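Just start.pdb here, PDB, C-alpha atoms:
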```
ATOM      1  CA  MET A   1     -27.565  92.264 -10.755
ATOM      2  CA  ALA A   2     -30.005  89.419  -9.997
ATOM      3  CA  GLU A   3     -31.859  90.073 -13.255
ATOM      4  CA  GLU A   4     -28.572  89.903 -15.183
ATOM      5  CA  LEU A   5     -27.660  86.622 -13.514
ATOM      6  CA  TRP A   6     -31.011  84.878 -13.870
ATOM      7  CA  GLY A   7     -32.339  86.621 -16.958
ATOM      8  CA  THR A   8     -35.993  86.479 -17.814
ATOM      9  CA  ASP A   9     -36.384  82.743 -18.235
ATOM     10  CA  GLY A  10     -40.059  82.709 -17.401
ATOM     11  CA  LEU A  11     -41.610  80.422 -14.836
ATOM     12  CA  LEU A  12     -38.607  78.146 -14.317
ATOM     13  CA  GLY A  13     -36.293  81.114 -13.769
ATOM     14  CA  HIS A  14     -38.629  82.485 -11.116
ATOM     15  CA  VAL A  15     -38.877  79.088  -9.424
ATOM     16  CA  VAL A  16     -35.084  78.776  -9.296
ATOM     17  CA  ARG A  17     -34.739  82.290  -7.837
ATOM     18  CA  LEU A  18     -37.480  81.534  -5.307
ATOM     19  CA  ASN A  19     -35.750  78.299  -4.324
ATOM     20  CA  VAL A  20     -32.426  80.112  -3.770
ATOM     21  CA  ALA A  21     -34.117  82.842  -1.714
ATOM     22  CA  VAL A  22     -36.120  80.395   0.414
ATOM     23  CA  ASP A  23     -33.058  78.185   1.015
ATOM     24  CA  ARG A  24     -31.150  81.250   2.230
ATOM     25  CA  VAL A  25     -33.938  82.343   4.599
ATOM     26  CA  LEU A  26     -34.544  78.816   5.923
ATOM     27  CA  GLY A  27     -30.826  78.369   6.516
ATOM     28  CA  GLU A  28     -30.534  81.650   8.406
ATOM     29  CA  ILE A  29     -33.605  81.038  10.554
ATOM     30  CA  ALA A  30     -32.764  77.406  11.353
ATOM     31  CA  GLY A  31     -29.140  78.399  11.930
ATOM     32  CA  THR A  32     -30.113  80.845  14.669
ATOM     33  CA  SER A  33     -31.347  77.779  16.574
ATOM     34  CA  SER A  34     -28.094  75.920  15.771
ATOM     35  CA  ILE A  35     -29.691  73.333  13.500
ATOM     36  CA  SER A  36     -29.580  72.737   9.771
ATOM     37  CA  VAL A  37     -32.567  73.008   7.465
ATOM     38  CA  ALA A  38     -32.461  69.210   7.052
ATOM     39  CA  ASP A  39     -32.673  68.813  10.844
ATOM     40  CA  TYR A  40     -35.605  71.234  11.042
ATOM     41  CA  LEU A  41     -37.485  69.480   8.242
ATOM     42  CA  VAL A  42     -37.093  66.059   9.887
ATOM     43  CA  LEU A  43     -38.206  67.459  13.251
ATOM     44  CA  GLY A  44     -41.176  69.084  11.517
ATOM     45  CA  VAL A  45     -42.275  65.833   9.880
ATOM     46  CA  VAL A  46     -41.978  63.910  13.141
ATOM     47  CA  ARG A  47     -43.710  66.663  15.142
ATOM     48  CA  ARG A  48     -46.693  66.619  12.760
ATOM     49  CA  SER A  49     -46.930  62.817  12.683
ATOM     50  CA  PRO A  50     -49.447  60.907  14.827
ATOM     51  CA  ASP A  51     -48.173  60.741  18.416
ATOM     52  CA  GLN A  52     -45.118  62.684  17.179
ATOM     53  CA  ARG A  53     -43.642  59.426  15.889
ATOM     54  CA  SER A  54     -42.732  58.285  12.401
ATOM     55  CA  ALA A  55     -40.813  55.550  10.608
ATOM     56  CA  PRO A  56     -37.536  56.669   9.013
ATOM     57  CA  THR A  57     -38.745  55.406   5.615
ATOM     58  CA  ALA A  58     -41.894  57.537   5.904
ATOM     59  CA  ILE A  59     -39.786  60.610   6.695
ATOM     60  CA  CYS A  60     -37.635  59.837   3.635
ATOM     61  CA  GLU A  61     -40.736  59.638   1.439
ATOM     62  CA  VAL A  62     -42.121  62.962   2.674
ATOM     63  CA  LEU A  63     -38.813  64.789   2.252
ATOM     64  CA  GLY A  64     -37.545  62.984  -0.858
ATOM     65  CA  ARG A  65     -34.384  61.877   0.947
ATOM     66  CA  THR A  66     -32.306  58.708   0.791
ATOM     67  CA  THR A  67     -32.164  56.343   3.747
ATOM     68  CA  GLY A  68     -28.387  56.819   4.034
ATOM     69  CA  GLY A  69     -28.682  60.583   4.302
ATOM     70  CA  MET A  70     -31.600  60.202   6.689
ATOM     71  CA  SER A  71     -29.563  57.957   8.991
ATOM     72  CA  LEU A  72     -26.915  60.672   9.325
ATOM     73  CA  THR A  73     -29.547  63.298  10.125
ATOM     74  CA  LEU A  74     -31.233  61.012  12.664
ATOM     75  CA  ASP A  75     -27.857  60.246  14.283
ATOM     76  CA  ARG A  76     -27.215  63.987  14.651
ATOM     77  CA  LEU A  77     -30.699  64.694  16.053
ATOM     78  CA  GLU A  78     -30.505  61.764  18.448
ATOM     79  CA  GLY A  79     -27.065  62.872  19.636
ATOM     80  CA  ALA A  80     -28.492  66.327  20.348
ATOM     81  CA  GLY A  81     -31.368  64.816  22.353
ATOM     82  CA  LEU A  82     -34.012  66.046  19.892
ATOM     83  CA  ILE A  83     -35.313  62.617  18.833
ATOM     84  CA  ARG A  84     -35.047  59.056  20.056
ATOM     85  CA  ARG A  85     -35.226  55.792  18.153
ATOM     86  CA  LEU A  86     -37.539  53.193  19.621
ATOM     87  CA  PRO A  87     -38.444  49.657  18.569
ATOM     88  CA  ASP A  88     -41.559  49.618  16.390
ATOM     89  CA  PRO A  89     -44.293  48.052  18.566
ATOM     90  CA  GLY A  90     -45.745  46.326  15.487
ATOM     91  CA  ASP A  91     -42.426  44.921  14.220
ATOM     92  CA  ARG A  92     -39.445  44.789  16.576
ATOM     93  CA  ARG A  93     -37.037  44.580  13.606
ATOM     94  CA  ARG A  94     -37.915  48.178  12.711
ATOM     95  CA  VAL A  95     -37.482  51.455  14.523
ATOM     96  CA  VAL A  96     -39.753  54.411  15.078
ATOM     97  CA  VAL A  97     -38.456  57.951  15.426
ATOM     98  CA  GLU A  98     -40.021  59.922  18.264
ATOM     99  CA  ALA A  99     -39.483  63.623  18.925
ATOM    100  CA  THR A 100     -38.369  64.470  22.435
ATOM    101  CA  GLU A 101     -39.856  67.412  24.289
ATOM    102  CA  ALA A 102     -36.720  69.405  23.441
ATOM    103  CA  GLY A 103     -37.116  68.470  19.758
ATOM    104  CA  ILE A 104     -40.761  69.506  19.721
ATOM    105  CA  ASP A 105     -39.958  72.797  21.443
ATOM    106  CA  LEU A 106     -37.145  73.532  18.975
ATOM    107  CA  ALA A 107     -39.291  72.686  15.942
ATOM    108  CA  LYS A 108     -42.072  74.933  17.237
ATOM    109  CA  ARG A 109     -39.649  77.783  17.897
ATOM    110  CA  VAL A 110     -38.142  77.609  14.402
ATOM    111  CA  ASN A 111     -41.631  77.294  12.916
ATOM    112  CA  GLY A 112     -42.719  80.388  14.864
ATOM    113  CA  ASP A 113     -39.674  82.289  13.597
ATOM    114  CA  LEU A 114     -40.554  81.275  10.032
ATOM    115  CA  HIS A 115     -44.131  82.494  10.460
ATOM    116  CA  ALA A 116     -42.882  85.775  11.927
ATOM    117  CA  TRP A 117     -40.602  86.211   8.917
ATOM    118  CA  GLU A 118     -43.515  85.442   6.604
ATOM    119  CA  GLU A 119     -45.587  88.125   8.342
ATOM    120  CA  SER A 120     -42.753  90.609   7.812
ATOM    121  CA  LEU A 121     -43.144  90.328   4.029
ATOM    122  CA  GLY A 122     -45.996  92.814   4.187
ATOM    123  CA  LEU A 123     -48.387  90.772   2.058
ATOM    124  CA  SER A 124     -52.099  91.035   2.691
ATOM    125  CA  GLU A 125     -54.121  87.956   3.676
ATOM    126  CA  THR A 126     -55.579  87.900   0.164
ATOM    127  CA  GLU A 127     -52.150  88.124  -1.462
ATOM    128  CA  ARG A 128     -50.805  85.318   0.742
ATOM    129  CA  ALA A 129     -53.842  83.134  -0.005
ATOM    130  CA  ASP A 130     -53.520  83.792  -3.747
ATOM    131  CA  LEU A 131     -49.805  82.987  -3.706
ATOM    132  CA  ALA A 132     -50.372  79.849  -1.627
ATOM    133  CA  ARG A 133     -52.982  78.624  -4.133
ATOM    134  CA  ALA A 134     -50.732  79.400  -7.117
ATOM    135  CA  LEU A 135     -47.704  77.712  -5.544
ATOM    136  CA  GLY A 136     -49.818  74.711  -4.570
ATOM    137  CA  MET A 137     -51.064  74.413  -8.141
ATOM    138  CA  LEU A 138     -47.495  74.715  -9.462
ATOM    139  CA  THR A 139     -46.247  72.052  -7.042
ATOM    140  CA  GLU A 140     -49.034  69.677  -8.054
ATOM    141  CA  SER A 141     -48.289  70.298 -11.747
ATOM    142  CA  ILE A 142     -44.588  69.584 -11.250
ATOM    143  CA  ASP A 143     -45.337  66.436  -9.223
ATOM    144  CA  ALA A 144     -47.723  65.198 -11.943
ATOM    145  CA  ALA A 145     -45.396  65.992 -14.863
ATOM    146  CA  PRO A 146     -43.413  63.233 -16.538
ATOM    147  CA  TYR A 147     -39.779  63.082 -15.480
ATOM    148  CA  PRO A 148     -37.285  64.729 -17.813
ATOM    149  CA  LEU A 149     -35.670  62.072 -19.966
ATOM    150  CA  GLY A 150     -37.811  59.492 -18.168
ATOM    151  CA  VAL A 151     -35.477  59.443 -15.152
ATOM    152  CA  PRO A 152     -36.958  59.926 -11.664
ATOM    153  CA  LEU A 153     -35.452  62.950  -9.912
ATOM    154  CA  SER A 154     -35.135  61.424  -6.449
TER
END
```
Would you give me this structure, written as structure tokens?
Amino acid sequence: MAEELWGTDGLLGHVVRLNVAVDRVLGEIAGTSSISVADYLVLGVVRRSPDQRSAPTAICEVLGRTTGGMSLTLDRLEGAGLIRRLPDPGDRRRVVVEATEAGIDLAKRVNGDLHAWEESLGLSETERADLARALGMLTESIDAAPYPLGVPLS
């Protein structure tokens, strides 16, 4: 059935199918911790930032999100006690997003669940390394390619 739906469109068809599959898995794994994929990704960016703090604009850049959408996500995370907004020590007109201990713990738990799922795929270390290199090369190629019709995608 999947082959009938997606056809054999080459590389782009495989990328679209991969995106659908990964979105489904990410949604299920994040959902078991009662957060959305968007919430998990923001927590992940903040958790990996220096001192587990980041500016909202920097998070937007990493995730390719708009500031309006980011504000809604940050409101939700702050309401859940997973992040806090603090005045930027270098410029009091700005804010810095800091992960709380609960936010860090949740991000680590979801990340661990994702790694466990990855292990369950049954790929050898060599196969995983080869796929990681190929996907990295594909991502770099897409990022370096001119925009279709000259219009930025984000």
- request: Would you mind reading off the distance between CA of Ser34 (chain A) and CA of Val95 (chain A), one decimal, in Å?
  value: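 Answer for the CA of Ser34 (chain A) to CA of Val95 (chain A) separation: 26.2 Å.
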- prompt: Which residue gives the smallest distance to Leu12 (chain A) among A:Ile142, A:Val42, A:Val25, A:Ala134, with only C-alpha atoms counted?
  reply: A:Ile142
task: Grab the CA of Ile35 (chain A) to CA of Leu131 (chain A) distance for me, in Å with one decimal place.
output: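 Computing it gives 28.2 Å between the two atoms.
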message: So that I can see what lies close to region 61-66 of chain A, please list as a PyMOL selection string the residues with an atom at most 9 Å from it, counting all atoms listed in the file and leaving out residues fewer than 5 positions away in the same chain.
response: chain A and resi 41-42+45+56+71+154
message: Give me the residues near Ser54 (chain A) as a ChimeraX atom specification, where near means some atom within 9 Å (using all atoms listed in the file) and where sequence neighbours in that chain fewer than 3 positions away do not count.
response: /A:45-47,49-51,57-59,95-98
Output file for the residues above (C-alpha atoms, as an mmCIF file, in the frame of the given file):
```cif
data_model
loop_
_atom_site.group_PDB
_atom_site.id
_atom_site.type_symbol
_atom_site.label_atom_id
_atom_site.label_comp_id
_atom_site.auth_asym_id
_atom_site.auth_seq_id
_atom_site.Cartn_x
_atom_site.Cartn_y
_atom_site.Cartn_z
ATOM 1 C CA VAL A 45 -42.275 65.833 9.880
ATOM 2 C CA VAL A 46 -41.978 63.910 13.141
ATOM 3 C CA ARG A 47 -43.710 66.663 15.142
ATOM 4 C CA SER A 49 -46.930 62.817 12.683
ATOM 5 C CA PRO A 50 -49.447 60.907 14.827
ATOM 6 C CA ASP A 51 -48.173 60.741 18.416
ATOM 7 C CA THR A 57 -38.745 55.406 5.615
ATOM 8 C CA ALA A 58 -41.894 57.537 5.904
ATOM 9 C CA ILE A 59 -39.786 60.610 6.695
ATOM 10 C CA VAL A 95 -37.482 51.455 14.523
ATOM 11 C CA VAL A 96 -39.753 54.411 15.078
ATOM 12 C CA VAL A 97 -38.456 57.951 15.426
ATOM 13 C CA GLU A 98 -40.021 59.922 18.264
#
```
Box for region 87-92 of chain A - axis-aligned, 3 Å on each of the six sides, all listed atoms - centre and size in Å to one decimal, as AutoDock Vina command-line options.
```
--center_x -42.1 --center_y 47.2 --center_z 16.4 --size_x 13.3 --size_y 10.9 --size_z 10.3
```
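Minimum distance to Thr73 (chain A) across A:Glu28, A:Glu118, A:Asp39, A:Asp143 (counting all atoms listed in the file) occurs at A:Asp39.
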field: Distance in Å - CA of Leu26 (chain A) versus CA of Arg76 (chain A)
entry: 18.7 Å
Selected residue of minimal separation from Ala30 (chain A) among A:Leu86, A:Ala145, A:Leu114, A:Leu11, counting only C-alpha atoms: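 Smallest separation from Ala30 (chain A) among the options: A:Leu114.
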message: Can you translate the PyMOL selection byres ((chain A and resi 84) around 8) into the concrete residues it hits in this file, as a list in words?
response: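 Going through the file, the PyMOL selection byres ((chain A and resi 84) around 8) ends up selecting Glu78, Gly81, Leu82, Ile83, Arg85, Leu86, Val97, Glu98, Ala99 and Thr100 of chain A.
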For the residues selected in the previous step, produce a file with C-alpha atoms as a tab-separated table (two decimals), in the frame of the given file.
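Heads up, here's the output in selection31.tsv:
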```tsv
chain	number	residue	atom	x	y	z
A	78	GLU	CA	-30.50	61.76	18.45
A	81	GLY	CA	-31.37	64.82	22.35
A	82	LEU	CA	-34.01	66.05	19.89
A	83	ILE	CA	-35.31	62.62	18.83
A	85	ARG	CA	-35.23	55.79	18.15
A	86	LEU	CA	-37.54	53.19	19.62
A	97	VAL	CA	-38.46	57.95	15.43
A	98	GLU	CA	-40.02	59.92	18.26
A	99	ALA	CA	-39.48	63.62	18.92
A	100	THR	CA	-38.37	64.47	22.44
```
Would you mind listing what lies within 9 Å of Leu106 (chain A) as a compact mmCIF listing (two decimals) with C-alpha atoms, in the coordinates of the input, with only C-alpha atoms counted and same-chain residues fewer than 2 positions away left out?
```
# COMPACT_ATOMS: atom_id res chain seq x y z
CA SER A 33 -31.35 77.78 16.57
CA TYR A 40 -35.60 71.23 11.04
CA LEU A 43 -38.21 67.46 13.25
CA LEU A 82 -34.01 66.05 19.89
CA GLU A 101 -39.86 67.41 24.29
CA ALA A 102 -36.72 69.40 23.44
CA GLY A 103 -37.12 68.47 19.76
CA ILE A 104 -40.76 69.51 19.72
CA LYS A 108 -42.07 74.93 17.24
CA ARG A 109 -39.65 77.78 17.90
CA VAL A 110 -38.14 77.61 14.40
CA ASN A 111 -41.63 77.29 12.92
```
Selected residue of minimal separation from Thr32 (chain A) among A:Asp113, A:Tyr147, A:Asp130, A:Thr67, counting only C-alpha atoms: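 Looking only at the distances to Thr32 (chain A), the closest residue turns out to be A:Asp113.
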